[in-house]
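Dropping input06.txt in here (compact mmCIF, C-alpha atoms):
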# COMPACT_ATOMS: atom_id res chain seq x y z
CA MET A 1309 -77.26 -74.97 24.74
CA PRO A 1310 -76.58 -71.64 26.36
CA GLU A 1311 -73.26 -70.04 25.51
CA ILE A 1312 -70.61 -70.70 28.11
CA ILE A 1313 -68.76 -67.52 29.02
CA GLU A 1314 -65.31 -68.17 30.36
CA LYS A 1315 -64.62 -66.18 33.49
CA LYS A 1316 -61.49 -64.06 33.34
CA THR A 1317 -58.92 -65.11 35.91
CA TYR A 1318 -55.74 -63.46 37.04
CA ALA A 1319 -53.19 -63.71 39.81
CA GLY A 1320 -54.33 -62.10 43.06
CA ILE A 1321 -51.53 -59.55 43.06
CA LEU A 1322 -52.91 -58.13 39.80
CA GLU A 1323 -56.43 -57.66 41.15
CA LYS A 1324 -55.80 -54.00 41.96
CA CYS A 1325 -54.92 -53.37 38.31
CA TYR A 1326 -58.26 -54.64 37.10
CA LYS A 1327 -60.10 -52.67 39.77
CA PHE A 1328 -58.37 -49.40 38.86
CA THR A 1329 -60.94 -47.41 36.91
CA ALA A 1330 -60.22 -43.79 37.84
CA ALA A 1331 -58.27 -43.05 34.66
CA GLU A 1332 -60.94 -44.51 32.37
CA GLU A 1333 -63.66 -42.61 34.21
CA ALA A 1334 -61.74 -39.34 33.78
CA LYS A 1335 -61.24 -40.07 30.07
CA ALA A 1336 -64.97 -40.75 29.67
CA ALA A 1337 -65.72 -37.39 31.29
CA ASN A 1338 -63.17 -35.66 29.01
CA LEU A 1339 -61.19 -34.64 32.10
CA TYR A 1340 -58.07 -36.79 31.77
CA PRO A 1341 -55.04 -34.49 31.57
CA TYR A 1342 -52.09 -36.89 31.46
CA PHE A 1343 -49.94 -38.51 28.77
CA ARG A 1344 -50.92 -35.89 26.20
CA MET A 1345 -49.16 -36.71 22.94
CA ILE A 1346 -46.99 -33.88 21.63
CA SER A 1347 -45.87 -34.10 18.01
CA SER A 1348 -43.44 -31.16 17.92
CA PRO A 1349 -40.30 -29.97 19.70
CA GLN A 1350 -40.58 -28.83 23.32
CA ASP A 1351 -40.67 -25.09 22.83
CA THR A 1352 -42.83 -22.13 23.83
CA GLU A 1353 -45.43 -23.56 21.47
CA VAL A 1354 -46.16 -27.25 20.92
CA VAL A 1355 -48.53 -29.25 18.73
CA ILE A 1356 -51.06 -31.69 20.18
CA GLY A 1357 -53.08 -33.44 17.52
CA ASN A 1358 -53.50 -30.72 14.89
CA LYS A 1359 -53.66 -27.95 17.45
CA LYS A 1360 -50.90 -25.49 18.29
CA MET A 1361 -50.73 -24.71 22.01
CA LEU A 1362 -48.85 -22.25 24.18
CA MET A 1363 -46.60 -24.28 26.47
CA LEU A 1364 -46.78 -23.19 30.11
CA GLY A 1365 -46.02 -26.60 31.56
CA SER A 1366 -42.40 -27.25 30.59
CA ASN A 1367 -39.35 -27.47 32.86
CA SER A 1368 -37.10 -26.17 30.07
CA TYR A 1369 -36.45 -22.97 31.99
CA MET A 1370 -33.66 -21.79 29.70
CA GLY A 1371 -35.63 -22.67 26.57
CA LEU A 1372 -32.79 -24.76 25.13
CA THR A 1373 -34.52 -28.03 24.20
CA ASN A 1374 -34.99 -26.88 20.63
CA ASP A 1375 -31.84 -24.76 20.38
CA PRO A 1376 -29.97 -25.53 17.12
CA ARG A 1377 -26.61 -25.61 18.90
CA VAL A 1378 -27.79 -28.22 21.40
CA LYS A 1379 -29.36 -30.37 18.69
CA LYS A 1380 -26.23 -30.14 16.52
CA ALA A 1381 -24.03 -31.27 19.43
CA ALA A 1382 -26.30 -34.26 20.06
CA MET A 1383 -26.24 -35.28 16.40
CA GLU A 1384 -22.46 -34.94 16.12
CA ALA A 1385 -21.96 -37.05 19.25
CA THR A 1386 -24.20 -39.75 17.82
CA GLU A 1387 -22.20 -39.74 14.59
CA LYS A 1388 -18.93 -40.10 16.53
CA TYR A 1389 -19.89 -42.54 19.30
CA GLY A 1390 -23.08 -44.24 18.11
CA SER A 1391 -26.52 -44.24 19.65
CA GLY A 1392 -25.68 -45.87 22.99
CA CYS A 1393 -22.95 -47.24 25.22
CA ALA A 1394 -24.08 -50.90 25.54
CA GLY A 1395 -23.09 -51.12 29.19
CA SER A 1396 -22.81 -49.42 32.55
CA ARG A 1397 -20.39 -46.71 33.59
CA PHE A 1398 -18.78 -49.26 35.91
CA LEU A 1399 -17.80 -51.63 33.12
CA ASN A 1400 -17.68 -50.79 29.42
CA GLY A 1401 -19.93 -47.72 29.26
CA THR A 1402 -17.67 -44.82 30.27
CA LEU A 1403 -16.74 -42.62 27.30
CA ASP A 1404 -14.35 -39.71 27.25
CA ILE A 1405 -17.36 -37.42 26.77
CA HIS A 1406 -18.75 -38.61 30.13
CA ILE A 1407 -15.50 -37.67 31.85
CA LYS A 1408 -15.44 -34.30 30.10
CA LEU A 1409 -19.00 -33.66 31.22
CA GLU A 1410 -18.21 -34.59 34.83
CA GLU A 1411 -15.24 -32.24 34.89
CA ARG A 1412 -17.35 -29.47 33.39
CA LEU A 1413 -20.16 -30.04 35.92
CA ALA A 1414 -17.79 -30.00 38.89
CA ALA A 1415 -16.37 -26.67 37.75
CA PHE A 1416 -19.86 -25.32 37.07
CA VAL A 1417 -21.06 -25.92 40.65
CA ASP A 1418 -17.62 -25.25 42.22
CA LYS A 1419 -17.01 -28.74 43.61
CA GLU A 1420 -13.97 -30.99 43.31
CA ALA A 1421 -15.65 -33.77 41.35
CA ALA A 1422 -18.95 -34.89 39.84
CA LEU A 1423 -20.52 -38.18 38.83
CA VAL A 1424 -23.02 -38.53 35.98
CA PHE A 1425 -26.01 -40.89 36.21
CA THR A 1426 -28.46 -41.87 33.48
CA THR A 1427 -31.38 -39.97 35.04
CA GLY A 1428 -31.89 -37.47 37.82
CA PHE A 1429 -34.18 -39.92 39.60
CA GLN A 1430 -31.40 -42.52 39.63
CA THR A 1431 -28.95 -39.93 40.93
CA ASN A 1432 -30.97 -39.47 44.10
CA LEU A 1433 -31.69 -43.19 44.42
CA GLY A 1434 -28.04 -44.12 44.07
CA THR A 1435 -26.52 -41.35 46.14
CA ILE A 1436 -28.82 -41.46 49.18
CA SER A 1437 -29.05 -45.26 49.42
CA ALA A 1438 -25.26 -45.56 49.17
CA LEU A 1439 -24.54 -42.98 51.87
CA VAL A 1440 -27.20 -43.75 54.48
CA GLY A 1441 -26.49 -46.93 56.44
CA LYS A 1442 -28.52 -48.83 59.02
CA ASP A 1443 -27.34 -46.74 62.00
CA ASP A 1444 -27.73 -43.41 60.17
CA TYR A 1445 -30.51 -40.86 59.83
CA VAL A 1446 -31.69 -39.17 56.64
CA VAL A 1447 -33.61 -35.99 57.40
CA ILE A 1448 -35.85 -34.68 54.65
CA ASP A 1449 -38.34 -31.90 53.95
CA LYS A 1450 -41.94 -33.16 53.77
CA SER A 1451 -42.17 -31.65 50.26
CA ASP A 1452 -39.00 -33.27 48.91
CA HIS A 1453 -39.19 -34.87 45.47
CA ALA A 1454 -40.32 -38.48 45.11
CA SER A 1455 -36.83 -39.55 44.01
CA ILE A 1456 -35.43 -38.37 47.34
CA ILE A 1457 -38.11 -40.27 49.25
CA ASP A 1458 -37.46 -43.43 47.25
CA GLY A 1459 -33.70 -43.06 47.74
CA CYS A 1460 -34.30 -42.89 51.48
CA ARG A 1461 -36.47 -46.02 51.35
CA LEU A 1462 -33.73 -47.93 49.54
CA GLY A 1463 -31.24 -47.05 52.26
CA PHE A 1464 -31.19 -48.84 55.60
CA GLY A 1465 -31.26 -45.75 57.79
CA LYS A 1466 -34.09 -44.09 59.66
CA ILE A 1467 -36.13 -41.50 57.73
CA VAL A 1468 -37.01 -38.31 59.63
CA LYS A 1469 -39.23 -35.63 58.07
CA PHE A 1470 -39.48 -31.97 59.02
CA ASN A 1471 -42.15 -29.41 58.12
CA HIS A 1472 -41.82 -27.81 54.71
CA ASN A 1473 -39.03 -25.23 54.53
CA ASP A 1474 -39.15 -24.79 58.30
CA PRO A 1475 -35.66 -24.55 59.88
CA GLU A 1476 -37.07 -24.61 63.42
CA SER A 1477 -38.84 -27.89 62.69
CA LEU A 1478 -35.58 -29.18 61.20
CA GLU A 1479 -33.65 -28.31 64.36
CA GLN A 1480 -36.22 -30.08 66.51
CA ARG A 1481 -36.15 -33.20 64.35
CA LEU A 1482 -32.35 -33.24 64.27
CA ALA A 1483 -32.27 -33.06 68.06
CA SER A 1484 -34.53 -36.10 68.21
CA CYS A 1485 -31.90 -38.31 66.55
CA PRO A 1486 -28.62 -37.43 68.26
CA ASP A 1487 -26.94 -40.86 68.31
CA GLY A 1488 -26.32 -41.50 64.62
CA GLU A 1489 -24.76 -39.84 61.61
CA LYS A 1490 -27.17 -37.55 59.77
CA LEU A 1491 -27.72 -36.47 56.17
CA ILE A 1492 -30.14 -33.61 55.43
CA VAL A 1493 -31.60 -33.72 51.91
CA ILE A 1494 -33.62 -30.81 50.54
CA ASP A 1495 -34.79 -29.40 47.24
CA GLY A 1496 -33.19 -26.10 46.26
CA VAL A 1497 -36.42 -25.03 44.57
CA TYR A 1498 -39.54 -27.02 45.39
CA SER A 1499 -41.25 -28.42 42.32
CA MET A 1500 -44.85 -27.80 43.40
CA GLU A 1501 -44.62 -24.84 45.76
CA GLY A 1502 -42.07 -22.89 43.71
CA ASP A 1503 -40.31 -21.55 46.81
CA ILE A 1504 -36.58 -21.50 47.49
CA ALA A 1505 -35.10 -23.54 50.34
CA LYS A 1506 -34.06 -21.50 53.38
CA LEU A 1507 -30.55 -22.77 52.94
CA PRO A 1508 -28.68 -20.41 55.34
CA GLN A 1509 -30.80 -21.51 58.30
CA ILE A 1510 -30.70 -25.14 57.19
CA VAL A 1511 -26.91 -25.04 57.01
CA ASP A 1512 -26.76 -23.47 60.49
CA ALA A 1513 -28.95 -26.25 61.89
CA ALA A 1514 -26.80 -28.88 60.18
CA GLN A 1515 -23.57 -27.49 61.60
CA LYS A 1516 -24.97 -27.47 65.13
CA GLN A 1517 -25.75 -31.18 64.86
CA GLY A 1518 -22.79 -32.26 62.73
CA ALA A 1519 -25.06 -33.23 59.82
CA ALA A 1520 -24.12 -33.27 56.15
CA VAL A 1521 -26.26 -31.34 53.64
CA MET A 1522 -27.33 -32.44 50.17
CA VAL A 1523 -29.25 -30.06 47.89
CA ASP A 1524 -31.32 -31.30 44.96
CA ASP A 1525 -30.90 -28.52 42.42
CA ALA A 1526 -33.10 -30.05 39.71
CA HIS A 1527 -35.20 -26.87 39.46
CA SER A 1528 -32.42 -24.48 40.53
CA ILE A 1529 -29.78 -25.12 37.87
CA GLY A 1530 -29.95 -22.35 35.28
CA VAL A 1531 -32.37 -20.42 37.49
CA LEU A 1532 -30.45 -19.51 40.67
CA GLY A 1533 -26.83 -18.56 41.25
CA LYS A 1534 -24.50 -16.01 39.68
CA ARG A 1535 -23.91 -18.30 36.67
CA GLY A 1536 -27.08 -20.32 36.92
CA ASN A 1537 -25.14 -22.76 39.08
CA GLY A 1538 -27.72 -23.35 41.77
CA THR A 1539 -29.02 -22.68 45.24
CA ALA A 1540 -25.74 -22.94 47.16
CA ASP A 1541 -24.16 -20.25 44.98
CA HIS A 1542 -27.34 -18.15 45.24
CA PHE A 1543 -26.75 -17.94 49.00
CA ASP A 1544 -22.92 -17.98 48.74
CA LEU A 1545 -22.86 -21.25 50.69
CA THR A 1546 -21.22 -23.65 48.23
CA ASP A 1547 -18.45 -24.53 50.70
CA LYS A 1548 -21.07 -25.36 53.37
CA VAL A 1549 -23.12 -27.71 51.18
CA ASP A 1550 -21.63 -31.20 51.03
CA LEU A 1551 -23.42 -32.58 47.98
CA ILE A 1552 -25.09 -30.82 45.03
CA MET A 1553 -27.38 -32.84 42.79
CA GLY A 1554 -28.78 -31.75 39.44
CA THR A 1555 -30.66 -33.03 36.42
CA PHE A 1556 -30.18 -32.53 32.69
CA SER A 1557 -33.88 -32.77 31.79
CA LYS A 1558 -34.71 -29.18 32.66
CA SER A 1559 -32.32 -26.30 31.99
CA PHE A 1560 -29.72 -28.59 30.42
CA ALA A 1561 -32.09 -29.66 27.62
CA SER A 1562 -31.19 -33.35 27.81
CA ILE A 1563 -31.75 -36.30 30.12
CA GLY A 1564 -29.50 -37.49 32.93
CA GLY A 1565 -28.35 -36.41 36.34
CA PHE A 1566 -25.25 -35.71 38.41
CA ILE A 1567 -23.98 -35.48 41.96
CA ALA A 1568 -21.07 -33.21 42.86
CA SER A 1569 -18.95 -33.25 46.01
CA THR A 1570 -15.37 -33.89 47.14
CA ASN A 1571 -13.11 -36.30 45.31
CA GLU A 1572 -13.43 -38.80 48.14
CA VAL A 1573 -17.25 -38.79 48.21
CA ILE A 1574 -17.49 -39.19 44.44
CA GLU A 1575 -14.97 -42.03 44.46
CA TYR A 1576 -17.04 -43.81 47.12
CA LEU A 1577 -20.26 -43.36 45.14
CA LYS A 1578 -18.61 -44.75 42.01
CA HIS A 1579 -18.19 -48.05 43.83
CA PHE A 1580 -21.33 -48.21 45.97
CA ALA A 1581 -24.17 -46.43 44.12
CA ARG A 1582 -26.17 -49.34 42.72
CA ALA A 1583 -28.27 -47.08 40.46
CA LEU A 1584 -25.01 -46.13 38.71
CA ILE A 1585 -23.27 -49.52 38.68
CA PHE A 1586 -26.24 -51.49 37.38
CA SER A 1587 -27.67 -49.01 34.84
CA ALA A 1588 -26.64 -48.40 31.26
CA SER A 1589 -24.68 -45.21 30.66
CA PRO A 1590 -26.17 -41.95 29.41
CA THR A 1591 -26.13 -41.83 25.63
CA PRO A 1592 -23.44 -39.78 23.89
CA ALA A 1593 -26.16 -37.48 22.53
CA CYS A 1594 -27.44 -36.74 26.04
CA ALA A 1595 -23.95 -35.98 27.33
CA ALA A 1596 -23.13 -33.70 24.41
CA ALA A 1597 -26.42 -31.82 24.68
CA ALA A 1598 -25.84 -31.18 28.39
CA LEU A 1599 -22.28 -29.98 27.75
CA THR A 1600 -23.46 -27.51 25.14
CA ALA A 1601 -26.31 -26.29 27.35
CA ILE A 1602 -23.86 -25.50 30.17
CA ASP A 1603 -21.76 -23.43 27.78
CA ILE A 1604 -24.80 -21.49 26.56
CA ILE A 1605 -26.08 -20.83 30.09
CA GLU A 1606 -22.71 -19.43 31.16
CA LYS A 1607 -22.11 -17.39 28.01
CA GLU A 1608 -25.63 -15.96 27.76
CA PRO A 1609 -26.62 -14.59 31.19
CA GLU A 1610 -29.31 -12.56 29.45
CA ARG A 1611 -31.34 -15.78 29.24
CA ARG A 1612 -31.56 -15.94 33.01
CA GLU A 1613 -32.42 -12.24 33.17
CA LYS A 1614 -35.27 -12.80 30.71
CA LEU A 1615 -36.46 -15.82 32.66
CA TRP A 1616 -36.78 -13.73 35.81
CA SER A 1617 -38.49 -10.91 33.92
CA ASN A 1618 -41.01 -13.42 32.58
CA THR A 1619 -41.41 -14.94 36.04
CA TYR A 1620 -42.29 -11.62 37.66
CA LYS A 1621 -44.66 -10.73 34.83
CA MET A 1622 -46.61 -13.98 35.18
CA LEU A 1623 -46.48 -14.15 38.98
CA ASN A 1624 -47.53 -10.53 39.53
CA GLY A 1625 -50.17 -10.77 36.82
CA LEU A 1626 -51.80 -13.78 38.49
CA LYS A 1627 -51.66 -12.15 41.93
CA ASP A 1628 -53.20 -8.94 40.60
CA MET A 1629 -56.13 -10.97 39.24
CA GLY A 1630 -56.74 -12.43 42.69
CA PHE A 1631 -55.30 -15.92 42.24
CA ASN A 1632 -53.57 -17.59 45.17
CA THR A 1633 -50.02 -18.44 44.09
CA GLY A 1634 -48.96 -19.73 47.49
CA LEU A 1635 -45.25 -19.57 48.34
CA SER A 1636 -43.97 -19.18 44.78
CA GLU A 1637 -40.93 -17.00 44.16
CA THR A 1638 -39.49 -18.74 41.09
CA PRO A 1639 -40.54 -19.71 37.52
CA ILE A 1640 -42.65 -22.49 39.08
CA ILE A 1641 -46.00 -20.86 39.83
CA PRO A 1642 -48.81 -22.86 41.47
CA VAL A 1643 -52.32 -21.50 41.06
CA ILE A 1644 -54.08 -22.95 44.10
CA ILE A 1645 -57.66 -23.99 43.31
CA GLY A 1646 -58.31 -26.42 46.15
CA ASP A 1647 -60.47 -29.35 45.12
CA ASN A 1648 -59.41 -31.88 42.51
CA MET A 1649 -62.47 -31.54 40.29
CA GLY A 1650 -62.11 -27.78 40.17
CA VAL A 1651 -58.54 -28.16 38.95
CA PHE A 1652 -59.56 -30.63 36.25
CA LYS A 1653 -62.30 -28.29 35.04
CA PHE A 1654 -59.89 -25.34 34.92
CA TRP A 1655 -57.31 -27.47 33.10
CA ARG A 1656 -59.95 -28.52 30.56
CA TYR A 1657 -60.92 -24.92 29.88
CA LEU A 1658 -57.32 -23.81 29.43
CA HIS A 1659 -56.50 -26.81 27.24
CA ASP A 1660 -59.48 -26.09 24.98
CA GLU A 1661 -58.30 -22.47 24.73
CA GLY A 1662 -54.81 -23.56 23.63
CA ILE A 1663 -52.91 -23.14 26.92
CA PHE A 1664 -50.86 -26.13 28.09
CA VAL A 1665 -50.61 -26.29 31.89
CA ASN A 1666 -50.23 -29.15 34.37
CA PRO A 1667 -52.97 -30.00 36.89
CA VAL A 1668 -51.64 -31.42 40.14
CA VAL A 1669 -54.04 -33.02 42.61
CA SER A 1670 -53.81 -34.91 45.89
CA PRO A 1671 -51.95 -37.00 46.92
CA ALA A 1672 -49.20 -35.21 44.92
CA VAL A 1673 -50.19 -32.11 46.90
CA PRO A 1674 -51.95 -31.97 50.29
CA PRO A 1675 -55.75 -32.50 50.37
CA ASN A 1676 -57.75 -29.45 49.30
CA MET A 1677 -54.59 -27.87 47.85
CA ALA A 1678 -54.91 -29.00 44.21
CA ILE A 1679 -53.15 -26.66 41.80
CA ILE A 1680 -52.70 -25.61 38.23
CA ARG A 1681 -48.90 -25.68 37.90
CA ILE A 1682 -47.56 -23.00 35.56
CA SER A 1683 -43.90 -22.73 34.61
CA VAL A 1684 -42.34 -20.05 32.45
CA MET A 1685 -39.32 -20.14 30.19
CA ALA A 1686 -36.66 -17.64 29.18
CA THR A 1687 -37.87 -17.83 25.59
CA HIS A 1688 -41.50 -16.88 26.22
CA THR A 1689 -42.37 -13.56 24.63
CA GLU A 1690 -44.31 -10.83 26.40
CA SER A 1691 -47.15 -11.19 23.94
CA GLN A 1692 -47.37 -14.93 24.68
CA LEU A 1693 -47.56 -14.28 28.40
CA ASP A 1694 -50.11 -11.48 27.92
CA HIS A 1695 -52.28 -13.86 25.89
CA ALA A 1696 -51.97 -16.57 28.55
CA LEU A 1697 -52.88 -14.19 31.35
CA GLU A 1698 -55.94 -13.03 29.44
CA ILE A 1699 -57.19 -16.61 28.94
CA ILE A 1700 -56.41 -17.60 32.54
CA HIS A 1701 -58.26 -14.54 33.85
CA LYS A 1702 -61.28 -15.27 31.70
CA GLY A 1703 -61.39 -18.92 32.76
CA GLY A 1704 -60.87 -18.11 36.42
CA ARG A 1705 -63.78 -15.68 36.45
CA MET A 1706 -66.06 -17.99 34.49
CA LEU A 1707 -65.40 -20.91 36.85
CA GLY A 1708 -65.64 -18.76 39.97
CA PHE A 1709 -62.02 -19.08 41.13
CA ILE A 1710 -61.47 -15.32 41.32
Show this structure as structure tokens.
Amino acid sequence: MPEIIEKKTYAGILEKCYKFTAAEEAKAANLYPYFRMISSPQDTEVVIGNKKMLMLGSNSYMGLTNDPRVKKAAMEATEKYGSGCAGSRFLNGTLDIHIKLEERLAAFVDKEAALVFTTGFQTNLGTISALVGKDDYVVIDKSDHASIIDGCRLGFGKIVKFNHNDPESLEQRLASCPDGEKLIVIDGVYSMEGDIAKLPQIVDAAQKQGAAVMVDDAHSIGVLGKRGNGTADHFDLTDKVDLIMGTFSKSFASIGGFIASTNEVIEYLKHFARALIFSASPTPACAAAALTAIDIIEKEPERREKLWSNTYKMLNGLKDMGFNTGLSETPIIPVIIGDNMGVFKFWRYLHDEGIFVNPVVSPAVPPNMAIIRISVMATHTESQLDHALEIIHKGGRMLGFI
């Protein structure tokens, strides 16, 4: 008798999973750039497999993720408090180190109070969805981070988008929704474009329409501001910005997030932000690492000076070669290639040459605007950046991008 082959069955909702083949096809073509396994600390150099690579894809702008002082603080906190909190902030998971961190964060960004969440993503989810009700409007930049978009979707208000970093477009969109309360949410530094929000004009537009302003400073903390304290301080507009959000996973060398505002706003969020109330607390190690990172950033302003020196070196070097770096004016530097396949080929060349960068393709960026995303750190040496520029130049010429 012929062998009977049992047909594989699955629930209809899972059909899309079985039909998804793009990742396997990219792996077969040796062009799959994601989930690369690193077996070393996040530093200016990392190890993938048995190969040492120059890291130009990290968000550790201050270069503190492998700092001995940060690691020591995390280990000591684990020894004192244990490895976790076994509950949410709302119930049994608030430690004295969480309160100390919130007080430190509020002082750092010059606000009355702060509230710590377990991740930056949850901070935006919890804050926006708690504040924006069914008769309200949330007005966002078209290039805002995914966590902002998802926070808006979880709220019951109307979502209104304005053109990227375009205050005139913002004013027009604000005028189109005059009958409800309005919250404007922007990134301080945009994570793909690398440009800085035009905060003075955005604040002006908000005041004309009686809107509140929230700035996501995930990529601004440590980078902008007199003490590395963000976009609002950079423009001397801290008193005009209602809410300042930040993450720990970048300059603060940890994981977590926070929102800072008035005492009243923070007290409200403590009781209505579902992403806070129903999530386990940040670990003691994460809180201690962030606390120590804040101290280092404030006490060592030379780190920020070196970061900007490295930024200008890389940005000007790429421009001089003929690469299109778009709107970038920060340590986030997009090299605009255009088509997705071109980006994957450039990534593959750089990876094989020992340079770690991040390819970003549509729909994460607009069609025909695929990029190689480069980010520099305060701890990169000039010789490391010179080497990277040499390899990038060689690959760009060989592949016909310059």
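Atom CA of A:Gly1371 lies 22.3 Å from atom CA of A:Thr1386.
Shortest separation to A:Val1378 among A:Val1684, A:Met1706, A:Met1649, A:Leu1599 occurs at residue A:Leu1599, atoms counted being all atoms listed in the file.
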Exercise for review: Excluding A:Gly1488 and residues on its chain fewer than 2 positions from it, collect all residues at most 9 Å away from it, counting only C-alpha atoms, and give them as a list in words.
Suggested key: Asp1443, Asp1444, Tyr1445, Cys1485, Pro1486 and Lys1490 of chain A
**Study point:** Neighbour list for A:Ser1589 as a PyMOL selection string, cut-off 12 Å, all atoms listed in the file, skip fewer than 4 positions in-chain
**Key:** chain A and resi 1391-1403+1405-1407+1423-1427+1430+1563-1565+1583-1585+1593-1595
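Neighbourhood of point (-55.6, -24.3, 43.0): residues with an atom at most 7 Å away, counting only C-alpha atoms, are A:Val1643, A:Ile1644, A:Ile1645, A:Gly1646, A:Val1651, A:Met1677, A:Ala1678, A:Ile1679, A:Ile1680.
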Can I get the selection written as an mmCIF file, keeping the file's coordinate frame, with C-alpha atoms?
data_model
loop_
_atom_site.group_PDB
_atom_site.id
_atom_site.type_symbol
_atom_site.label_atom_id
_atom_site.label_comp_id
_atom_site.auth_asym_id
_atom_site.auth_seq_id
_atom_site.Cartn_x
_atom_site.Cartn_y
_atom_site.Cartn_z
ATOM 1 C CA VAL A 1643 -52.320 -21.500 41.060
ATOM 2 C CA ILE A 1644 -54.080 -22.950 44.100
ATOM 3 C CA ILE A 1645 -57.660 -23.990 43.310
ATOM 4 C CA GLY A 1646 -58.310 -26.420 46.150
ATOM 5 C CA VAL A 1651 -58.540 -28.160 38.950
ATOM 6 C CA MET A 1677 -54.590 -27.870 47.850
ATOM 7 C CA ALA A 1678 -54.910 -29.000 44.210
ATOM 8 C CA ILE A 1679 -53.150 -26.660 41.800
ATOM 9 C CA ILE A 1680 -52.700 -25.610 38.230
#
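The closest residue to A:Leu1693, picked from A:Gly1625, A:Pro1592, A:Gly1650, A:Gly1662 and counting all atoms listed in the file, is A:Gly1625.
The spacing separating atom CA of A:Asp1550 from atom CA of A:Val1447 amounts to 14.4 Å.
Within the 10 Å cut-off around A:Lys1360, using only C-alpha atoms and omitting residues fewer than 3 positions from it on the same chain, the listed residues are Ile1346, Ser1347, Ser1348, Glu1353, Val1354, Val1355, Ile1356, Gly1357, Met1363, Gly1662, Ile1663 and Phe1664 of chain A.
Here atom CA of A:Ser1569 and atom CA of A:Lys1534 stand 19.2 Å from one another.
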